[in-house]
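**Q** Got entry_17.tsv for you, TSV, C-alpha atoms:
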```tsv
chain	number	residue	atom	x	y	z
T	669	MET	CA	-59.38	-58.19	24.09
T	670	THR	CA	-63.04	-57.68	24.98
T	671	SER	CA	-62.98	-53.92	25.58
T	672	ALA	CA	-61.14	-51.16	23.74
T	673	ASP	CA	-60.33	-49.27	26.96
T	674	LEU	CA	-58.31	-52.27	28.19
T	675	VAL	CA	-55.79	-51.80	25.37
T	676	LEU	CA	-53.02	-49.60	26.76
T	677	PRO	CA	-50.67	-47.74	24.40
T	678	PRO	CA	-47.62	-49.80	23.35
T	679	THR	CA	-44.39	-49.28	25.25
T	680	ASP	CA	-42.32	-49.26	22.07
T	681	GLN	CA	-42.67	-49.43	18.29
T	682	GLN	CA	-42.42	-53.22	18.27
T	683	THR	CA	-45.30	-53.97	20.66
T	684	PRO	CA	-48.37	-54.88	18.55
T	685	THR	CA	-51.86	-53.67	19.32
T	686	ALA	CA	-54.73	-55.95	20.36
T	687	ALA	CA	-57.81	-57.00	18.39
T	688	LEU	CA	-61.22	-56.22	19.88
T	689	LEU	CA	-63.69	-59.09	20.36
T	690	GLN	CA	-66.95	-57.21	20.68
T	691	ALA	CA	-69.99	-57.99	22.81
T	692	PRO	CA	-73.14	-59.55	21.28
T	693	ASP	CA	-75.07	-56.25	21.45
T	694	ALA	CA	-72.34	-54.55	19.39
T	695	GLN	CA	-71.74	-57.15	16.68
T	696	ALA	CA	-73.71	-59.95	15.05
T	697	LEU	CA	-72.46	-63.50	15.54
T	698	GLU	CA	-71.72	-63.92	11.84
T	699	MET	CA	-69.47	-60.86	11.88
T	700	ALA	CA	-67.69	-62.05	15.02
T	701	ILE	CA	-67.01	-65.44	13.42
T	702	GLY	CA	-65.71	-63.72	10.29
T	703	ASP	CA	-63.40	-61.45	12.26
T	704	MET	CA	-61.99	-64.38	14.24
T	705	HIS	CA	-61.43	-66.34	11.03
T	706	VAL	CA	-59.44	-63.42	9.61
T	707	LEU	CA	-57.32	-63.21	12.78
T	708	LEU	CA	-56.53	-66.93	12.54
T	709	GLU	CA	-55.61	-66.61	8.88
T	710	GLN	CA	-53.36	-63.63	9.56
T	711	HIS	CA	-51.66	-64.79	12.76
T	712	GLY	CA	-52.17	-68.53	13.03
T	713	TYR	CA	-53.29	-68.45	16.68
T	714	VAL	CA	-55.43	-66.17	18.86
T	715	VAL	CA	-55.02	-65.64	22.61
T	716	ALA	CA	-58.23	-63.97	23.81
T	717	VAL	CA	-57.87	-62.46	27.29
T	718	TYR	CA	-60.99	-61.38	29.13
T	719	PRO	CA	-61.77	-60.34	32.73
T	720	THR	CA	-63.91	-62.28	35.20
T	721	GLY	CA	-66.33	-59.34	35.29
T	722	ILE	CA	-67.33	-59.77	31.65
T	723	SER	CA	-71.06	-60.26	30.99
T	724	PRO	CA	-72.20	-63.89	30.70
T	725	ALA	CA	-73.51	-63.18	27.20
T	726	HIS	CA	-70.12	-61.87	26.09
T	727	GLU	CA	-68.33	-64.89	27.53
T	728	ARG	CA	-70.78	-67.24	25.80
T	729	ARG	CA	-70.11	-65.38	22.56
T	730	LEU	CA	-66.38	-66.16	22.81
T	731	TYR	CA	-67.05	-69.85	23.31
T	732	SER	CA	-69.66	-69.88	20.54
T	733	VAL	CA	-67.23	-68.40	18.04
T	734	ARG	CA	-64.56	-70.95	18.94
T	735	SER	CA	-67.10	-73.78	18.75
T	736	VAL	CA	-68.47	-72.75	15.34
T	737	LEU	CA	-64.96	-72.47	13.90
T	738	GLU	CA	-64.06	-75.83	15.51
T	739	SER	CA	-60.62	-74.38	16.10
T	740	ASP	CA	-58.00	-75.59	18.57
T	741	ARG	CA	-55.96	-72.46	17.78
T	742	ILE	CA	-58.05	-70.12	19.97
T	743	ALA	CA	-57.11	-69.74	23.65
T	744	LEU	CA	-59.74	-68.20	25.94
T	745	VAL	CA	-57.89	-66.87	28.99
T	746	LYS	CA	-60.07	-65.64	31.87
T	747	VAL	CA	-58.22	-63.28	34.22
T	748	ASP	CA	-59.22	-62.43	37.80
T	749	LEU	CA	-57.67	-58.96	38.04
T	750	PRO	CA	-59.15	-55.46	38.34
T	751	PRO	CA	-59.72	-53.77	34.95
T	752	LEU	CA	-56.49	-51.75	34.91
T	753	GLY	CA	-54.54	-54.84	35.97
T	754	VAL	CA	-56.08	-56.75	33.07
T	755	ALA	CA	-55.01	-53.99	30.69
T	756	VAL	CA	-51.43	-54.17	32.01
T	757	LEU	CA	-51.37	-57.96	31.64
T	758	VAL	CA	-52.68	-57.77	28.08
T	759	ARG	CA	-49.91	-55.33	27.15
T	760	GLN	CA	-47.29	-57.65	28.65
T	761	LEU	CA	-48.64	-60.55	26.59
T	762	ARG	CA	-48.54	-58.30	23.53
T	763	GLN	CA	-44.87	-57.67	24.29
T	764	LEU	CA	-44.17	-61.40	24.62
T	765	SER	CA	-46.03	-62.22	21.40
T	766	ILE	CA	-43.12	-60.92	19.31
T	767	CYS	CA	-40.60	-63.09	21.16
T	768	ASP	CA	-39.64	-66.66	20.26
T	769	PHE	CA	-42.27	-68.21	22.53
T	770	SER	CA	-44.87	-70.61	21.18
T	771	PRO	CA	-48.56	-69.58	21.35
T	772	GLY	CA	-49.10	-72.09	24.15
T	773	VAL	CA	-46.39	-70.52	26.30
T	774	VAL	CA	-47.76	-67.00	25.71
T	775	ALA	CA	-51.28	-68.11	26.67
T	776	SER	CA	-50.22	-69.93	29.83
T	777	ALA	CA	-47.85	-67.09	30.79
T	778	ALA	CA	-50.91	-65.00	31.70
T	779	ARG	CA	-51.33	-66.87	35.00
T	780	LEU	CA	-47.65	-66.45	35.86
T	781	LEU	CA	-47.43	-62.75	35.04
T	782	ALA	CA	-50.63	-61.96	36.95
T	783	HIS	CA	-48.76	-62.83	40.17
T	784	TYR	CA	-46.31	-59.98	39.49
T	785	ILE	CA	-48.95	-57.28	38.98
T	786	HIS	CA	-49.85	-55.33	42.13
T	787	ALA	CA	-53.30	-54.05	41.21
T	788	GLY	CA	-55.38	-51.86	43.47
T	789	ALA	CA	-57.23	-48.61	43.98
T	790	LEU	CA	-57.67	-45.67	46.30
T	791	LEU	CA	-61.36	-45.70	47.28
T	792	HIS	CA	-63.40	-43.03	49.03
T	793	SER	CA	-65.93	-45.67	50.13
T	794	VAL	CA	-65.98	-49.44	50.59
T	795	THR	CA	-69.70	-49.75	51.35
T	796	LYS	CA	-70.34	-51.51	48.02
T	797	PHE	CA	-66.96	-53.16	47.66
T	798	ASP	CA	-66.97	-56.96	47.95
T	799	ARG	CA	-63.82	-58.12	46.14
T	800	VAL	CA	-61.70	-58.11	49.32
T	801	PRO	CA	-63.18	-58.98	52.75
T	802	VAL	CA	-64.16	-55.79	54.60
T	803	ASP	CA	-65.08	-55.98	58.30
T	804	LEU	CA	-67.94	-54.05	59.89
T	805	ARG	CA	-65.59	-51.55	61.55
T	806	THR	CA	-64.09	-50.60	58.19
T	807	HIS	CA	-67.56	-50.32	56.65
T	808	ALA	CA	-68.57	-47.98	59.49
T	809	LYS	CA	-65.48	-45.83	58.94
T	810	SER	CA	-66.35	-45.50	55.25
T	811	TRP	CA	-69.35	-43.39	56.23
T	812	VAL	CA	-67.09	-40.78	57.85
T	813	PRO	CA	-66.71	-37.80	55.47
T	814	GLY	CA	-63.27	-37.66	53.89
T	815	SER	CA	-62.42	-41.31	54.53
T	816	GLN	CA	-60.11	-42.99	52.03
T	817	PHE	CA	-59.01	-46.60	51.71
T	818	ALA	CA	-56.15	-48.20	49.85
T	819	VAL	CA	-57.09	-51.60	48.48
T	820	VAL	CA	-54.77	-54.06	46.75
T	821	ALA	CA	-56.67	-56.88	45.06
T	822	GLY	CA	-53.65	-58.92	44.03
T	823	PRO	CA	-51.36	-60.70	44.24
T	824	GLU	CA	-52.28	-60.65	47.97
T	825	PRO	CA	-55.50	-58.92	49.10
T	826	GLN	CA	-54.93	-55.89	51.35
T	827	LEU	CA	-57.12	-53.10	52.69
T	828	VAL	CA	-55.89	-50.20	54.82
T	829	ARG	CA	-57.39	-46.89	55.79
T	830	VAL	CA	-55.40	-43.98	54.39
T	831	GLY	CA	-54.21	-41.45	56.95
T	832	PRO	CA	-51.15	-39.54	58.19
T	833	LYS	CA	-50.09	-42.32	60.56
T	834	ALA	CA	-51.50	-45.29	58.67
T	835	GLU	CA	-49.29	-48.01	57.23
T	836	LEU	CA	-49.16	-48.28	53.46
T	837	PRO	CA	-50.06	-51.48	51.63
T	838	THR	CA	-47.16	-53.87	51.08
T	839	GLY	CA	-45.76	-53.42	47.60
T	840	PRO	CA	-43.60	-55.35	45.16
T	841	GLU	CA	-40.10	-56.41	46.14
T	842	PHE	CA	-38.76	-55.78	42.65
T	843	ALA	CA	-38.41	-52.78	40.34
T	844	THR	CA	-41.66	-51.69	38.69
T	845	HIS	CA	-43.45	-48.96	36.82
T	846	LEU	CA	-46.88	-47.78	37.96
T	847	VAL	CA	-49.90	-46.79	35.89
T	848	ALA	CA	-52.70	-44.79	37.50
T	849	ALA	CA	-56.20	-43.95	36.26
T	850	LYS	CA	-58.39	-41.36	37.97
T	851	GLY	CA	-62.12	-41.67	38.33
T	852	GLN	CA	-64.11	-38.99	40.14
T	853	SER	CA	-61.40	-38.64	42.78
T	854	GLN	CA	-58.85	-35.86	42.54
T	855	SER	CA	-56.55	-37.33	45.20
T	856	GLU	CA	-52.81	-37.36	44.52
T	857	TRP	CA	-52.16	-40.01	47.19
T	858	VAL	CA	-51.13	-42.66	44.68
T	859	LYS	CA	-48.44	-40.43	43.17
T	860	GLU	CA	-47.34	-38.62	46.31
T	861	ALA	CA	-47.42	-41.44	48.88
T	862	LEU	CA	-47.82	-44.89	47.35
T	863	ALA	CA	-45.41	-44.58	44.42
T	864	PRO	CA	-42.44	-43.38	46.54
T	865	ALA	CA	-43.12	-46.04	49.17
T	866	TRP	CA	-43.18	-48.74	46.51
T	867	LYS	CA	-40.03	-47.27	44.90
T	868	VAL	CA	-41.55	-47.31	41.43
T	869	GLN	CA	-39.20	-46.18	38.69
T	870	SER	CA	-41.79	-44.35	36.60
T	871	ILE	CA	-45.45	-43.28	36.84
T	872	HIS	CA	-47.82	-43.25	33.86
T	873	GLU	CA	-51.38	-42.02	33.52
T	874	ALA	CA	-54.20	-43.83	31.75
T	875	ALA	CA	-57.92	-43.37	31.21
T	876	LEU	CA	-60.08	-45.18	33.75
T	877	PRO	CA	-61.55	-48.35	32.19
T	878	SER	CA	-65.32	-48.27	31.84
T	879	ASP	CA	-65.79	-51.32	34.08
T	880	SER	CA	-63.67	-49.98	36.95
T	881	SER	CA	-66.46	-48.23	38.85
T	882	ALA	CA	-68.57	-51.39	38.90
T	883	TRP	CA	-65.57	-53.57	39.84
T	884	TRP	CA	-64.57	-51.36	42.79
T	885	GLY	CA	-68.12	-50.47	43.86
T	886	THR	CA	-67.64	-46.70	43.49
T	887	GLY	CA	-66.78	-44.13	40.85
T	888	LYS	CA	-64.83	-42.03	43.34
T	889	LEU	CA	-61.49	-43.77	43.02
T	890	VAL	CA	-57.98	-43.78	41.60
T	891	GLU	CA	-57.07	-47.18	40.18
T	892	PHE	CA	-53.42	-48.22	39.95
T	893	ALA	CA	-51.24	-51.14	38.94
T	894	ALA	CA	-47.50	-51.70	39.48
T	895	TYR	CA	-45.92	-53.96	36.90
T	896	LEU	CA	-42.75	-55.20	35.20
T	897	PRO	CA	-42.24	-52.92	32.18
T	898	ASP	CA	-39.08	-54.30	30.60
T	899	ILE	CA	-39.57	-56.94	27.92
T	900	SER	CA	-36.16	-58.44	28.70
T	901	VAL	CA	-37.25	-59.06	32.30
T	902	LEU	CA	-40.57	-60.53	31.17
T	903	TYR	CA	-38.73	-62.74	28.71
T	904	GLN	CA	-36.31	-64.05	31.32
T	905	LEU	CA	-39.12	-64.61	33.82
T	906	VAL	CA	-41.13	-66.73	31.38
T	907	SER	CA	-38.00	-68.48	30.06
T	908	SER	CA	-37.03	-69.54	33.58
T	909	VAL	CA	-40.11	-71.76	33.91
T	910	ARG	CA	-39.99	-75.38	32.82
T	911	ARG	CA	-41.97	-76.07	29.65
T	912	GLU	CA	-44.25	-79.05	29.17
T	913	ASN	CA	-46.49	-80.37	26.42
T	914	CYS	CA	-50.19	-80.62	27.21
T	915	HIS	CA	-51.19	-84.29	27.39
T	916	TRP	CA	-54.55	-83.43	25.81
T	917	CYS	CA	-53.98	-80.93	22.97
T	918	ARG	CA	-50.16	-81.19	22.79
T	919	MET	CA	-49.68	-77.41	22.99
T	920	GLU	CA	-46.59	-76.21	24.81
T	921	LEU	CA	-47.25	-74.67	28.22
T	922	ILE	CA	-45.70	-73.38	31.43
T	923	GLY	CA	-47.21	-73.72	34.88
T	924	ASP	CA	-49.86	-76.25	35.77
T	925	ARG	CA	-52.58	-75.65	33.18
T	926	CYS	CA	-52.78	-75.43	29.40
T	927	GLY	CA	-53.69	-71.98	28.12
T	928	PHE	CA	-55.55	-73.37	25.11
T	929	CYS	CA	-57.63	-76.32	26.35
T	930	SER	CA	-57.42	-75.53	30.12
T	931	SER	CA	-56.40	-79.11	30.84
T	932	PRO	CA	-54.31	-79.42	34.04
T	933	LEU	CA	-50.99	-81.23	34.05
T	934	PRO	CA	-51.02	-84.66	35.65
T	935	ALA	CA	-49.85	-84.35	39.25
T	936	ALA	CA	-46.48	-86.01	38.64
T	937	GLU	CA	-45.67	-83.52	35.88
T	938	ASN	CA	-46.86	-80.44	37.73
T	939	ARG	CA	-44.14	-77.76	37.72
T	940	LYS	CA	-44.27	-74.48	39.63
T	941	HIS	CA	-42.21	-71.49	38.55
T	942	PRO	CA	-38.94	-71.24	40.44
T	943	ALA	CA	-38.93	-69.21	43.62
T	944	GLY	CA	-36.78	-66.12	43.83
T	945	VAL	CA	-36.82	-65.29	40.14
T	946	LEU	CA	-37.06	-61.60	40.95
T	947	SER	CA	-35.30	-59.54	43.60
T	948	HIS	CA	-35.99	-55.98	44.65
T	949	GLY	CA	-33.48	-54.25	42.45
T	950	ALA	CA	-32.54	-56.68	39.75
T	951	LEU	CA	-33.35	-59.90	38.03
T	952	ALA	CA	-31.88	-63.08	39.50
T	953	PRO	CA	-30.17	-65.58	37.19
T	954	PRO	CA	-32.62	-68.03	35.58
T	955	GLN	CA	-32.88	-71.38	37.29
T	956	SER	CA	-32.77	-74.59	35.34
```
Translate this structure into C-alpha coordinates?

**A**
Amino acid sequence: MTSADLVLPPTDQQTPTAALLQAPDAQALEMAIGDMHVLLEQHGYVVAVYPTGISPAHERRLYSVRSVLESDRIALVKVDLPPLGVAVLVRQLRQLSICDFSPGVVASAARLLAHYIHAGALLHSVTKFDRVPVDLRTHAKSWVPGSQFAVVAGPEPQLVRVGPKAELPTGPEFATHLVAAKGQSQSEWVKEALAPAWKVQSIHEAALPSDSSAWWGTGKLVEFAAYLPDISVLYQLVSSVRRENCHWCRMELIGDRCGFCSSPLPAAENRKHPAGVLSHGALAPPQS
(Lines of atoms letter the chains of each structure in order from A and count residues from 1; the text may use other names and numbers.)
(Lines give C-alpha, C1' and ligand atoms only; values in the text may rest on other atoms or scores of the structure.)
Protein backbone atom coordinates (compact mmCIF):
# COMPACT_ATOMS: atom_id res chain seq x y z
CA MET A 1 0.00 0.00 0.00
CA THR A 2 1.24 3.52 -0.74
CA SER A 3 -0.25 5.31 2.27
CA ALA A 4 -0.56 4.20 5.89
CA ASP A 5 -4.03 5.75 6.28
CA LEU A 6 -5.36 3.42 3.56
CA VAL A 7 -4.69 0.38 5.76
CA LEU A 8 -7.92 -0.30 7.66
CA PRO A 9 -7.88 -2.42 10.83
CA PRO A 10 -8.25 -6.16 10.17
CA THR A 11 -11.69 -7.69 10.47
CA ASP A 12 -10.38 -10.72 12.35
CA GLN A 13 -7.18 -12.15 13.80
CA GLN A 14 -6.32 -13.95 10.57
CA THR A 15 -6.36 -10.94 8.23
CA PRO A 16 -2.74 -9.79 7.72
CA THR A 17 -1.69 -6.17 7.68
CA ALA A 18 -0.29 -4.39 4.61
CA ALA A 19 3.26 -3.23 3.90
CA LEU A 20 3.83 0.46 3.19
CA LEU A 21 5.60 1.43 -0.05
CA GLN A 22 6.69 4.95 0.74
CA ALA A 23 6.95 7.97 -1.55
CA PRO A 24 10.33 9.16 -2.90
CA ASP A 25 10.43 12.16 -0.53
CA ALA A 26 10.05 9.81 2.45
CA GLN A 27 12.51 7.06 1.53
CA ALA A 28 15.63 6.74 -0.60
CA LEU A 29 15.47 4.47 -3.64
CA GLU A 30 18.06 2.09 -2.20
CA MET A 31 15.96 1.60 0.93
CA ALA A 32 12.80 1.05 -1.12
CA ILE A 33 14.55 -1.61 -3.20
CA GLY A 34 15.82 -3.28 -0.04
CA ASP A 35 12.39 -3.31 1.56
CA MET A 36 10.80 -4.81 -1.56
CA HIS A 37 13.50 -7.47 -1.72
CA VAL A 38 12.74 -8.45 1.88
CA LEU A 39 9.00 -8.67 1.11
CA LEU A 40 9.71 -10.97 -1.84
CA GLU A 41 11.98 -13.15 0.26
CA GLN A 42 9.39 -13.41 3.03
CA HIS A 43 6.22 -13.85 0.97
CA GLY A 44 7.28 -14.90 -2.51
CA TYR A 45 5.03 -12.39 -4.31
CA VAL A 46 3.94 -8.77 -3.75
CA VAL A 47 0.64 -7.25 -4.88
CA ALA A 48 1.08 -3.47 -4.65
CA VAL A 49 -2.24 -1.61 -4.81
CA TYR A 50 -2.21 2.13 -5.37
CA PRO A 51 -4.85 4.76 -6.23
CA THR A 52 -5.07 6.72 -9.47
CA GLY A 53 -4.54 9.92 -7.48
CA ILE A 54 -1.01 8.95 -6.45
CA SER A 55 1.73 11.43 -7.39
CA PRO A 56 3.55 10.69 -10.67
CA ALA A 57 6.85 10.51 -8.77
CA HIS A 58 5.46 7.87 -6.40
CA GLU A 59 4.11 5.81 -9.29
CA ARG A 60 7.46 6.02 -11.09
CA ARG A 61 9.13 4.85 -7.89
CA LEU A 62 7.03 1.66 -7.87
CA TYR A 63 7.98 0.86 -11.45
CA SER A 64 11.63 1.72 -10.81
CA VAL A 65 11.83 -0.68 -7.88
CA ARG A 66 10.28 -3.48 -9.92
CA SER A 67 12.60 -2.73 -12.84
CA VAL A 68 15.78 -2.69 -10.73
CA LEU A 69 14.84 -5.99 -9.09
CA GLU A 70 13.95 -7.42 -12.53
CA SER A 71 11.17 -9.29 -10.79
CA ASP A 72 8.07 -10.81 -12.37
CA ARG A 73 6.72 -11.47 -8.86
CA ILE A 74 5.58 -7.87 -8.25
CA ALA A 75 2.07 -6.85 -9.35
CA LEU A 76 1.36 -3.12 -9.60
CA VAL A 77 -2.42 -2.70 -9.40
CA LYS A 78 -3.76 0.80 -10.09
CA VAL A 79 -7.26 1.35 -8.68
CA ASP A 80 -9.72 4.05 -9.75
CA LEU A 81 -11.69 4.38 -6.50
CA PRO A 82 -12.00 7.16 -3.91
CA PRO A 83 -9.46 6.85 -1.06
CA LEU A 84 -11.77 5.11 1.41
CA GLY A 85 -12.90 2.72 -1.32
CA VAL A 86 -9.26 1.88 -2.03
CA ALA A 87 -8.73 1.16 1.66
CA VAL A 88 -11.73 -1.20 1.69
CA LEU A 89 -10.50 -3.00 -1.43
CA VAL A 90 -7.02 -3.43 0.04
CA ARG A 91 -8.49 -5.01 3.17
CA GLN A 92 -10.54 -7.42 1.05
CA LEU A 93 -7.41 -8.46 -0.84
CA ARG A 94 -5.65 -8.93 2.49
CA GLN A 95 -8.49 -11.26 3.50
CA LEU A 96 -8.17 -13.23 0.26
CA SER A 97 -4.39 -13.49 0.58
CA ILE A 98 -4.73 -16.18 3.26
CA CYS A 99 -7.04 -18.30 1.10
CA ASP A 100 -5.94 -20.95 -1.39
CA PHE A 101 -5.84 -18.52 -4.33
CA SER A 102 -2.69 -18.04 -6.37
CA PRO A 103 -1.00 -14.60 -6.34
CA GLY A 104 -2.24 -14.00 -9.89
CA VAL A 105 -5.86 -14.56 -8.89
CA VAL A 106 -5.54 -12.25 -5.86
CA ALA A 107 -4.01 -9.50 -8.02
CA SER A 108 -6.61 -9.74 -10.78
CA ALA A 109 -9.44 -10.01 -8.22
CA ALA A 110 -8.97 -6.30 -7.48
CA ARG A 111 -10.83 -5.32 -10.66
CA LEU A 112 -13.69 -7.70 -9.88
CA LEU A 113 -14.14 -6.67 -6.25
CA ALA A 114 -14.03 -2.96 -7.10
CA HIS A 115 -17.38 -3.41 -8.90
CA TYR A 116 -18.97 -4.47 -5.58
CA ILE A 117 -17.78 -1.45 -3.58
CA HIS A 118 -20.25 1.46 -3.47
CA ALA A 119 -17.92 4.34 -2.70
CA GLY A 120 -19.08 7.90 -2.25
CA ALA A 121 -19.28 10.96 -0.05
CA LEU A 122 -21.61 13.56 1.38
CA LEU A 123 -20.28 16.91 0.12
CA HIS A 124 -21.20 20.42 1.22
CA SER A 125 -19.95 21.80 -2.11
CA VAL A 126 -19.30 20.46 -5.60
CA THR A 127 -17.71 23.62 -7.01
CA LYS A 128 -14.28 21.94 -7.19
CA PHE A 129 -15.48 18.40 -7.75
CA ASP A 130 -14.71 16.94 -11.17
CA ARG A 131 -14.78 13.15 -10.70
CA VAL A 132 -18.46 12.85 -11.65
CA PRO A 133 -20.09 15.15 -14.25
CA VAL A 134 -21.81 18.08 -12.51
CA ASP A 135 -24.14 20.35 -14.52
CA LEU A 136 -24.27 24.13 -14.16
CA ARG A 137 -27.55 24.03 -12.22
CA THR A 138 -26.01 21.77 -9.57
CA HIS A 139 -22.93 23.98 -9.40
CA ALA A 140 -25.19 27.00 -8.85
CA LYS A 141 -27.06 25.20 -6.07
CA SER A 142 -23.76 24.43 -4.33
CA TRP A 143 -23.38 28.13 -3.57
CA VAL A 144 -26.61 28.14 -1.54
CA PRO A 145 -25.74 28.05 2.19
CA GLY A 146 -26.47 24.68 3.76
CA SER A 147 -26.51 22.75 0.48
CA GLN A 148 -25.42 19.12 0.64
CA PHE A 149 -24.85 16.59 -2.12
CA ALA A 150 -24.60 12.83 -2.07
CA VAL A 151 -22.11 11.55 -4.62
CA VAL A 152 -21.42 7.92 -5.49
CA ALA A 153 -18.29 7.51 -7.60
CA GLY A 154 -18.66 3.80 -8.26
CA PRO A 155 -19.65 1.32 -9.41
CA GLU A 156 -22.07 3.69 -11.22
CA PRO A 157 -21.59 7.48 -10.92
CA GLN A 158 -24.45 9.28 -9.16
CA LEU A 159 -24.99 12.78 -7.80
CA VAL A 160 -28.11 13.94 -5.96
CA ARG A 161 -28.88 16.94 -3.84
CA VAL A 162 -29.67 15.98 -0.26
CA GLY A 163 -33.01 17.21 1.06
CA PRO A 164 -36.20 16.11 2.83
CA LYS A 165 -37.94 15.13 -0.41
CA ALA A 166 -34.88 14.18 -2.45
CA GLU A 167 -34.30 10.65 -3.70
CA LEU A 168 -31.35 8.80 -2.23
CA PRO A 169 -28.57 7.37 -4.40
CA THR A 170 -29.15 3.82 -5.60
CA GLY A 171 -27.34 1.38 -3.36
CA PRO A 172 -26.15 -2.21 -3.49
CA GLU A 173 -28.62 -5.02 -4.09
CA PHE A 174 -26.81 -7.34 -1.70
CA ALA A 175 -25.98 -7.36 2.01
CA THR A 176 -23.13 -5.03 2.99
CA HIS A 177 -21.37 -3.27 5.81
CA LEU A 178 -20.63 0.45 5.58
CA VAL A 179 -17.56 2.37 6.71
CA ALA A 180 -17.76 6.14 7.13
CA ALA A 181 -15.03 8.74 7.66
CA LYS A 182 -15.80 12.32 8.67
CA GLY A 183 -13.90 15.32 7.44
CA GLN A 184 -14.89 18.82 8.54
CA SER A 185 -18.58 17.95 8.25
CA GLN A 186 -20.56 16.98 11.33
CA SER A 187 -23.55 15.70 9.36
CA GLU A 188 -25.13 12.41 10.44
CA TRP A 189 -26.90 11.93 7.10
CA VAL A 190 -24.82 8.91 6.13
CA LYS A 191 -25.74 7.05 9.32
CA GLU A 192 -29.29 8.30 9.73
CA ALA A 193 -30.52 8.29 6.12
CA LEU A 194 -28.21 6.49 3.71
CA ALA A 195 -27.35 3.43 5.81
CA PRO A 196 -31.00 2.50 6.55
CA ALA A 197 -31.99 3.06 2.92
CA TRP A 198 -29.17 0.82 1.74
CA LYS A 199 -30.06 -1.77 4.42
CA VAL A 200 -26.48 -2.08 5.59
CA GLN A 201 -25.96 -4.67 8.31
CA SER A 202 -23.34 -2.75 10.27
CA ILE A 203 -21.73 0.72 10.31
CA HIS A 204 -18.07 1.32 11.14
CA GLU A 205 -16.11 4.53 11.59
CA ALA A 206 -12.66 5.24 10.20
CA ALA A 207 -10.26 8.16 10.03
CA LEU A 208 -10.55 10.23 6.87
CA PRO A 209 -7.67 9.38 4.49
CA SER A 210 -5.29 12.27 3.90
CA ASP A 211 -5.99 12.33 0.15
CA SER A 212 -9.78 12.46 0.49
CA SER A 213 -10.15 16.25 0.57
CA ALA A 214 -8.17 16.61 -2.66
CA TRP A 215 -10.03 13.72 -4.32
CA TRP A 216 -13.49 15.14 -3.49
CA GLY A 217 -12.55 18.80 -3.96
CA THR A 218 -13.51 19.84 -0.42
CA GLY A 219 -12.60 19.09 3.17
CA LYS A 220 -16.19 19.50 4.32
CA LEU A 221 -17.39 15.97 3.67
CA VAL A 222 -18.25 12.55 5.04
CA GLU A 223 -16.76 9.78 2.91
CA PHE A 224 -18.38 6.34 2.90
CA ALA A 225 -18.06 2.94 1.29
CA ALA A 226 -20.45 -0.04 1.37
CA TYR A 227 -18.73 -3.37 0.89
CA LEU A 228 -18.86 -7.16 1.25
CA PRO A 229 -17.39 -7.92 4.69
CA ASP A 230 -17.58 -11.70 4.87
CA ILE A 231 -14.52 -13.58 3.66
CA SER A 232 -16.66 -16.60 2.75
CA VAL A 233 -18.70 -14.42 0.37
CA LEU A 234 -15.56 -12.89 -1.12
CA TYR A 235 -14.10 -16.35 -1.54
CA GLN A 236 -17.17 -17.70 -3.33
CA LEU A 237 -17.39 -14.60 -5.53
CA VAL A 238 -13.80 -14.96 -6.72
CA SER A 239 -14.07 -18.75 -6.99
CA SER A 240 -17.10 -18.44 -9.26
CA VAL A 241 -15.04 -16.78 -12.00
CA ARG A 242 -13.31 -18.87 -14.64
CA ARG A 243 -9.54 -18.96 -14.26
CA GLU A 244 -7.10 -18.61 -17.13
CA ASN A 245 -3.33 -18.57 -17.53
CA CYS A 246 -1.80 -15.38 -18.90
CA HIS A 247 -0.42 -16.06 -22.38
CA TRP A 248 2.49 -13.71 -21.66
CA CYS A 249 3.74 -14.35 -18.10
CA ARG A 250 1.79 -17.58 -17.42
CA MET A 251 0.39 -16.28 -14.13
CA GLU A 252 -3.10 -17.45 -13.22
CA LEU A 253 -5.80 -14.79 -13.54
CA ILE A 254 -9.52 -14.08 -13.51
CA GLY A 255 -11.28 -11.53 -15.67
CA ASP A 256 -9.83 -10.09 -18.84
CA ARG A 257 -6.42 -8.80 -17.76
CA CYS A 258 -3.40 -10.19 -15.92
CA GLY A 259 -2.78 -8.58 -12.55
CA PHE A 260 0.99 -8.99 -12.82
CA CYS A 261 1.96 -8.03 -16.39
CA SER A 262 -1.32 -6.23 -17.33
CA SER A 263 -1.53 -8.23 -20.54
CA PRO A 264 -5.13 -8.64 -21.78
CA LEU A 265 -6.54 -12.03 -22.64
CA PRO A 266 -6.89 -12.76 -26.35
CA ALA A 267 -10.45 -12.00 -27.42
CA ALA A 268 -11.44 -15.65 -27.87
CA GLU A 269 -10.39 -16.44 -24.30
CA ASN A 270 -11.96 -13.40 -22.70
CA ARG A 271 -14.19 -14.43 -19.78
CA LYS A 272 -16.46 -12.13 -17.80
CA HIS A 273 -17.56 -12.98 -14.29
CA PRO A 274 -20.95 -14.66 -14.19
CA ALA A 275 -23.98 -12.42 -13.85
CA GLY A 276 -26.16 -12.74 -10.79
CA VAL A 277 -23.47 -13.97 -8.44
CA LEU A 278 -24.92 -11.88 -5.64
CA SER A 279 -28.53 -11.26 -4.65
CA HIS A 280 -29.89 -8.76 -2.17
CA GLY A 281 -30.04 -10.99 0.86
CA ALA A 282 -27.81 -13.93 0.15
CA LEU A 283 -25.17 -15.39 -2.06
CA ALA A 284 -26.33 -17.25 -5.16
CA PRO A 285 -24.83 -20.68 -5.94
CA PRO A 286 -21.56 -20.45 -7.88
CA GLN A 287 -21.87 -20.91 -11.61
CA SER A 288 -19.58 -23.19 -13.51

**Q** At most 9 Å is the cut-off: for each residue in segment 776-799 of chain T with any atom that close to an atom of segment 897-917 of chain T, write down the nearest atom pair and the distance in Å rounded to one decimal, counting all atoms listed in the file, chain first then increasing number, as a Markdown table.

**A**
```
| residue | atom | partner | partner_atom | distance |
| --- | --- | --- | --- | --- |
| T:Ala777 | CA | T:Val906 | CA | 6.8 |
| T:Leu780 | CA | T:Val906 | CA | 7.9 |
| T:Leu781 | CA | T:Leu902 | CA | 8.2 |
```

**Q** In the coordinates of the file, take the point (-65.9, -47.1, 43.2) and a cut-off of 12 Å; then, counting only C-alpha atoms, name each qualifying protein, DNA or RNA residue as number ranges by chain.

**A** T: 750, 788-799, 816-819, 850-853, 876-891

**Q** Write out as number ranges by chain each polymer residue whose atoms come within 9 Å of segment 825-829 of chain T, counting all atoms listed in the file; drop sequence neighbours fewer than 2 positions from it.

**A** T: 788, 799-802, 806, 809, 815-823, 831, 834-838

**Q** Please provide the set of residues having any atom within 10 Å of Leu730 of chain T, restricted to all atoms listed in the file, with same-chain residues fewer than 2 positions apart removed, written as number ranges by chain.

**A** T: 670, 689-692, 697, 700-701, 704, 716, 718, 725-728, 732-735, 742-744

**Q** Using Å and a single decimal, report how far atom CA of Leu752 of chain T sits from atom CA of Val717 of chain T.

**A**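 Interatomic distance here is 13.2 Å.
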